[in-house]
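Visitor: Before we start, here is the structure in question, set down as structure tokens.
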Amino acid sequence: MELKLCCNAAVHHQYSSEFRYPFIKKASSFSSGGHGDPAYDYIIVGGGTAGCPLAATLSQKFNVLLLERGGMPFGNANVSLLKNFHITLADTSSTSASQYFISTDGVLNSRARVLGGGTCINAGFYTRASTRFINKVGWDSELVNKSYPWIEKQIVYRPKVAPWQAVVRDSLLGVGVAPFNGFTYDHVYGTKFGGTIFDRFGRRHTAAELLAPADPQKLTVLVHATVQKVLFDTSGKRPKAAGVLFKDENGNQHQAFLSSSLKSEVILSCGAIGTPQMLLLSGVGPKAELEEMKISSVLDNKFVGQGMADNPMNAVFVPSKKPVKQSLIQTVGITKMGVYIEASSGFGESDDSIECHHGIISAEIGQLSTIPPEQRTPEAIQAYIRRKKDIPYEAFRGGFILEKIAYPISTGQLKLISTNAEDNPSVTFNYFKHPHDLQSCVDGIRMVIKMVQSEHFTNFTQFDKQTTDKILNMSASANVNLIPKHTNDTKSLEQFCKDTVLTIWHYHGGCHVGKVVDREHKVLGAHRLRIVDASVFDESPGTNPQATIMMMGRYMGLKILRDRLGKAAGV
Ligand SMILES: Cc1cc2nc3c(=O)[nH]c(=O)nc-3n(C[C@H](O)[C@H](O)[C@H](O)COP(=O)(O)OP(=O)(O)OC[C@H]3O[C@@H](n4cnc5c(N)ncnc54)[C@H](O)[C@@H]3O)c2cc1C
């Protein structure tokens with residue numbers, strides 16, 4: 001079912017950034033098949049959060065081809081403007097920057113499909129990983145500390161704190177999430193304001209802008225280039241990546257190849273859904289599963305697609321009598337109970353956005369989810385959208401307090417259901433399967449309720465202190481996912497957590513270190529194949545991961561340059 005809703009992207013400027021990014025071209029411009037074809041030192045699949053900084057860095061010394069299935073982010077109003085955050089997620093058309101999927105758990109989710117990846121559709125909050133995380137993954141802290149600022153000086157801003165976010169700070173301090181650490185990128189216990197990739201005009205800056213420092217002579221970026229699979233040379237003992245097969249925007253197929261050097265590499269940066277999917281499509285994964293899909297096995301590895309995790313998020317809606325300015329995440333409470341507390345408020349401020357679908361955190365999703373799937377016809381949805389225009393503006397006043405489980409133990413798996421690279425695979429996260437995750441949610445919701453009941457909030461919203469029942473009921477009745485609801489949702493916090501679980505879109509895993517890749521992210525058992533994206537993590541870094549994923553792109557690029565060239569790398 002494809003839904004093209006109101007407020008579509010302004011696409012007219014799509015190819016107007018040729019001066020700053022002369023190396024970005026449409027996939028159909030690629031010529032393949034001739035003897036004189038260029039061979040690349042690196043072919044990066046996925047121009048996302050990690051792929052863009054990685055490509056720019058490697059191009060300082062090597063010939064790089066970056067292939068991105070989505071289009072340009074520049075000039076796309078849905079991507080570029082904060083006020084349109086919800087609209088991008090709601091656009092389920094095939095040209096949308098966000099590709100909608102529903103995990104088998106019944107939770108609605110999104111993955112990026114645009115140059116810049118998740119940084120083009122996310123809530124923009126920017127905050128670094130803890131030192132514990134950096135030590136755990138074994139990264140060189142000197143290089144890490146050099147890589148974060150490279151991102152920050154190009155696309156990260158200090159937010160102008162919105163009133164809602166200030167109340168969240170005060171109420172977090174009120175419930176003991178202290179001290180207040182002010183504005184900082186660092187991961188420290190207590191309450192803080194973090195950075196943002198939105199500037200003070202509400203314009204988004206994305207990982208695609210990190211391509212600007214690339215060497216234009218050495219980098220080629222193709223948009224609308226959907227990679228179908230990695231091509232291998234299987235004549236040796238171990239399969240060796242040789243290149244990739246991709247389709248352009250007209251559906252024509254092309255092949256791109258690596259140079260003959262043993263050090264040349266195909267690097268997968270397709271994200272935590274795209275990369276395990278790409279390995280499977282390329283014949284790397286559990287042999288029996290591949291056989292079922294009639295894919296010839298290149299390398300048997302039962303761990304590909306395993307260990308998929310998505311930090312559960314539960315949100316409490318807080319209505320307000322007075323209008324609330326739109327804000328995405330600016331404040332975070334880093335608690336000692338394995339829960340992060342964040343908040344968003346208001347809806348898009350453009351005239352038409354109030355009439356639109358507001359994405360995952362919206363009553364509207366709930367309305368749709370009350371319709372049995374087979375009756376969710378385009379006509380039924382359009383009728384709902386028409387009715388929504390009659391809902392008074394006041395109904396949208398308020399905001400959300402969210403709690404995210406920092407380290408979910410529950411994990412699931414990803415499996416192919418089609419051999420078409422454009423289709424979503426089947427993904428299961430098993431939210432709250434482990435009782436520890438459920439307990440963390442209950443503890444977090446208890447804290448959120450105290451915050452909502454505090455004077456900080458009642459003074460701000462001008463509503464009297466509400467009962468726990470009423471607070472929970474408002475969120476439970478919004479039906480934010482496709483999970484059947486229970487009558488005891490407001491009596492049992494466990495049931496509330498299970499029934500109202502959402503995603504905060506920090507899914508990760510599927511290609512864990514030690515199982516699918518080594519510590520340098522090289523695919524075990526293969527030559528010339530590496531992975532640089534969120535699929536290698538068994539824990540989502542920081543309170544929100546984008547800072548560390550962008551940093552990882554830069555870091556891995558610098559590391560490869562240093563490893564290959566030593567001092568001559570000059571980095
Ligand atoms: C709605 C939303 C809100 C979020 N909010 C925040 C936030 O506020 N702060 C924060 O820190 N994090 C946030 N996140 C999470 C963060 O954005 C992601 O974790 C991060 O962007 C993932 O980076 P990645 O490099 O692993 O994947 P991506 O950035 O998704 O990159 C993968 C790229 O690969 C491309 N690709 C996939 N398959 C193919 C193929 N076959 N051929 C060619 N290209 C392909 C995709 O189109 C995409 O561009 C949010 C995410 C979402 C979706």
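Following the order of the structure tokens, first chain is A, next is B, and so on, with residues numbered from 1 inside each chain and ligands from 1 in the order they appear.
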Each residue of range 210-306 of chain A with at least one atom at most 12 Å from range 488-511 of chain A should appear once, together with its nearest atom pair and the corresponding distance in Å (one decimal); atoms considered: only C-alpha atoms; ordering: chain, then increasing residue number; output as CSV.
Guide:
residue,atom,partner,partner_atom,distance
A:Leu268,CA,A:Cys511,CA,10.9
A:Ser269,CA,A:Cys511,CA,11.5
A:Cys270,CA,A:Cys511,CA,11.6
A:Gly271,CA,A:His508,CA,8.1
A:Ala272,CA,A:His508,CA,5.1
A:Ile273,CA,A:Gly510,CA,7.8
A:Gly274,CA,A:Gly510,CA,9.7
A:Thr275,CA,A:Cys511,CA,7.9
A:Pro276,CA,A:Gly510,CA,5.7
A:Gln277,CA,A:Gly510,CA,9.0
A:Met278,CA,A:Cys511,CA,11.0
A:Leu279,CA,A:Cys511,CA,9.2
A:Leu280,CA,A:Gly510,CA,10.9
A:Val284,CA,A:Cys511,CA,11.0
A:Gly285,CA,A:Cys511,CA,10.1
A:Asn301,CA,A:Cys511,CA,10.2
A:Lys302,CA,A:Cys511,CA,10.5
A:Phe303,CA,A:Cys511,CA,7.1
A:Val304,CA,A:Cys511,CA,5.6
A:Gly305,CA,A:Gly510,CA,4.1
A:Gln306,CA,A:Gly510,CA,4.8
Visitor: Filtering to N, CA and C atoms, could you give me those residues as a CSV table (one decimal), in the first residue's frame?
Guide:
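Resulting contents of result-v7.csv:
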chain,number,residue,atom,x,y,z
A,268,LEU,N,30.2,-2.0,3.1
A,268,LEU,CA,28.8,-1.9,3.2
A,268,LEU,C,28.4,-0.9,4.3
A,269,SER,N,27.6,0.1,4.0
A,269,SER,CA,27.2,1.1,4.9
A,269,SER,C,25.7,1.3,4.7
A,270,CYS,N,25.0,0.2,4.6
A,270,CYS,CA,23.5,0.3,4.2
A,270,CYS,C,22.6,0.4,5.4
A,271,GLY,N,23.2,0.5,6.6
A,271,GLY,CA,22.4,0.6,7.8
A,271,GLY,C,22.0,-0.8,8.4
A,272,ALA,N,21.4,-0.8,9.6
A,272,ALA,CA,21.2,-2.1,10.3
A,272,ALA,C,20.1,-3.0,9.6
A,273,ILE,N,19.3,-2.4,8.8
A,273,ILE,CA,18.4,-3.3,8.0
A,273,ILE,C,19.0,-3.6,6.7
A,274,GLY,N,19.6,-2.6,6.0
A,274,GLY,CA,20.1,-2.8,4.7
A,274,GLY,C,21.4,-3.7,4.6
A,275,THR,N,22.3,-3.6,5.6
A,275,THR,CA,23.5,-4.3,5.4
A,275,THR,C,23.3,-5.9,5.6
A,276,PRO,N,22.6,-6.3,6.7
A,276,PRO,CA,22.4,-7.8,6.7
A,276,PRO,C,21.6,-8.3,5.5
A,277,GLN,N,20.7,-7.4,5.1
A,277,GLN,CA,19.9,-7.8,3.9
A,277,GLN,C,20.9,-7.9,2.7
A,278,MET,N,21.8,-7.0,2.5
A,278,MET,CA,22.7,-7.0,1.4
A,278,MET,C,23.6,-8.2,1.4
A,279,LEU,N,24.1,-8.6,2.6
A,279,LEU,CA,25.0,-9.8,2.8
A,279,LEU,C,24.2,-11.0,2.3
A,280,LEU,N,22.9,-11.1,2.8
A,280,LEU,CA,22.1,-12.3,2.4
A,280,LEU,C,21.9,-12.3,0.9
A,284,VAL,N,25.9,-14.3,1.5
A,284,VAL,CA,26.7,-14.4,2.7
A,284,VAL,C,25.6,-14.5,3.8
A,285,GLY,N,25.6,-15.7,4.5
A,285,GLY,CA,24.6,-15.9,5.5
A,285,GLY,C,24.3,-17.3,5.8
A,301,ASN,N,27.4,-18.3,7.0
A,301,ASN,CA,27.6,-17.7,8.4
A,301,ASN,C,26.2,-17.5,9.0
A,302,LYS,N,26.0,-18.4,10.1
A,302,LYS,CA,24.6,-18.4,10.7
A,302,LYS,C,24.3,-17.2,11.4
A,303,PHE,N,25.3,-16.3,11.6
A,303,PHE,CA,25.0,-15.1,12.5
A,303,PHE,C,24.5,-13.9,11.7
A,304,VAL,N,24.5,-14.0,10.4
A,304,VAL,CA,24.1,-12.8,9.6
A,304,VAL,C,22.6,-12.6,9.8
A,305,GLY,N,22.2,-11.4,10.2
A,305,GLY,CA,20.8,-11.2,10.5
A,305,GLY,C,20.3,-11.5,11.9
A,306,GLN,N,21.2,-12.0,12.7
A,306,GLN,CA,20.9,-12.3,14.1
A,306,GLN,C,21.3,-11.2,15.0
Visitor: Using only C-alpha atoms and all ligand atoms, which residues of the polymer chains come no farther than 7 Å from ligand 1? I'd like the answer as a ChimeraX atom specification.
Guide: /A:45-51,67-70,89,110-119,121-127,225-228,269-272,274-275,278,329,421-422,504-507,533-535,544-547,549
Visitor: Quick one: pick out all helix (DSSP H, G or I) residues within range 419-560 of chain A from a backbone DSSP run and write them as a ChimeraX atom specification.
Guide: /A:435-453,455-461,468-476,487-490,493-499,534-536,546-560
Visitor: A:Ala178, A:Val230, A:Ile417, A:Ala166: which is nearest Glu289 in chain A, counting only C-alpha atoms?
Guide: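 Going through A:Ala178, A:Val230, A:Ile417, A:Ala166 one by one, the smallest distance to Glu289 in chain A is for A:Ile417.
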Visitor: Could you check which of A:Ser327, A:Ser344, A:Asn76, A:Thr184 is closest to Ser96 in chain A, using only C-alpha atoms?
Guide: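 Closest candidate: A:Asn76.
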Visitor: Between A:Pro312, A:Asp563, A:Tyr148, A:Ser540, which one has atoms that come closest to Phe432 in chain A, using only C-alpha atoms?
Guide: A:Pro312
Visitor: Which is closer to Val223 in chain A than all the others in A:Val452, A:Leu65, A:Leu299, A:Val144, using only C-alpha atoms?
Guide: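 Looking at the shortest contact to Val223 in chain A, the residue is A:Leu65.
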Visitor: Which of these, A:Ile409, A:Leu219, A:Ala214, A:Ile295, has the shortest distance to Gly283 in chain A once you count only C-alpha atoms?
Guide: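 Ranking A:Ile409, A:Leu219, A:Ala214, A:Ile295 by distance to Gly283 in chain A, first place goes to A:Ile295.
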Visitor: Go ahead and compute the interatomic distance for CA of Ala90 in chain A and CA of Ile197 in chain A, in Å to one decimal.
Guide: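 Here the two named atoms are 20.9 Å from each other.
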Visitor: What lies within 8 Å of range 209-211 of chain A using only C-alpha atoms, ignoring chain neighbours under 2 positions off, as a list in words?
Guide: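 Result of the neighbour search: Tyr21, Cys52, Pro53, Ala55, Ala56, Gly116, Ile151, Gln154, Ile155, His205, Thr206, Ala207, Pro213 and Ala214 of chain A.
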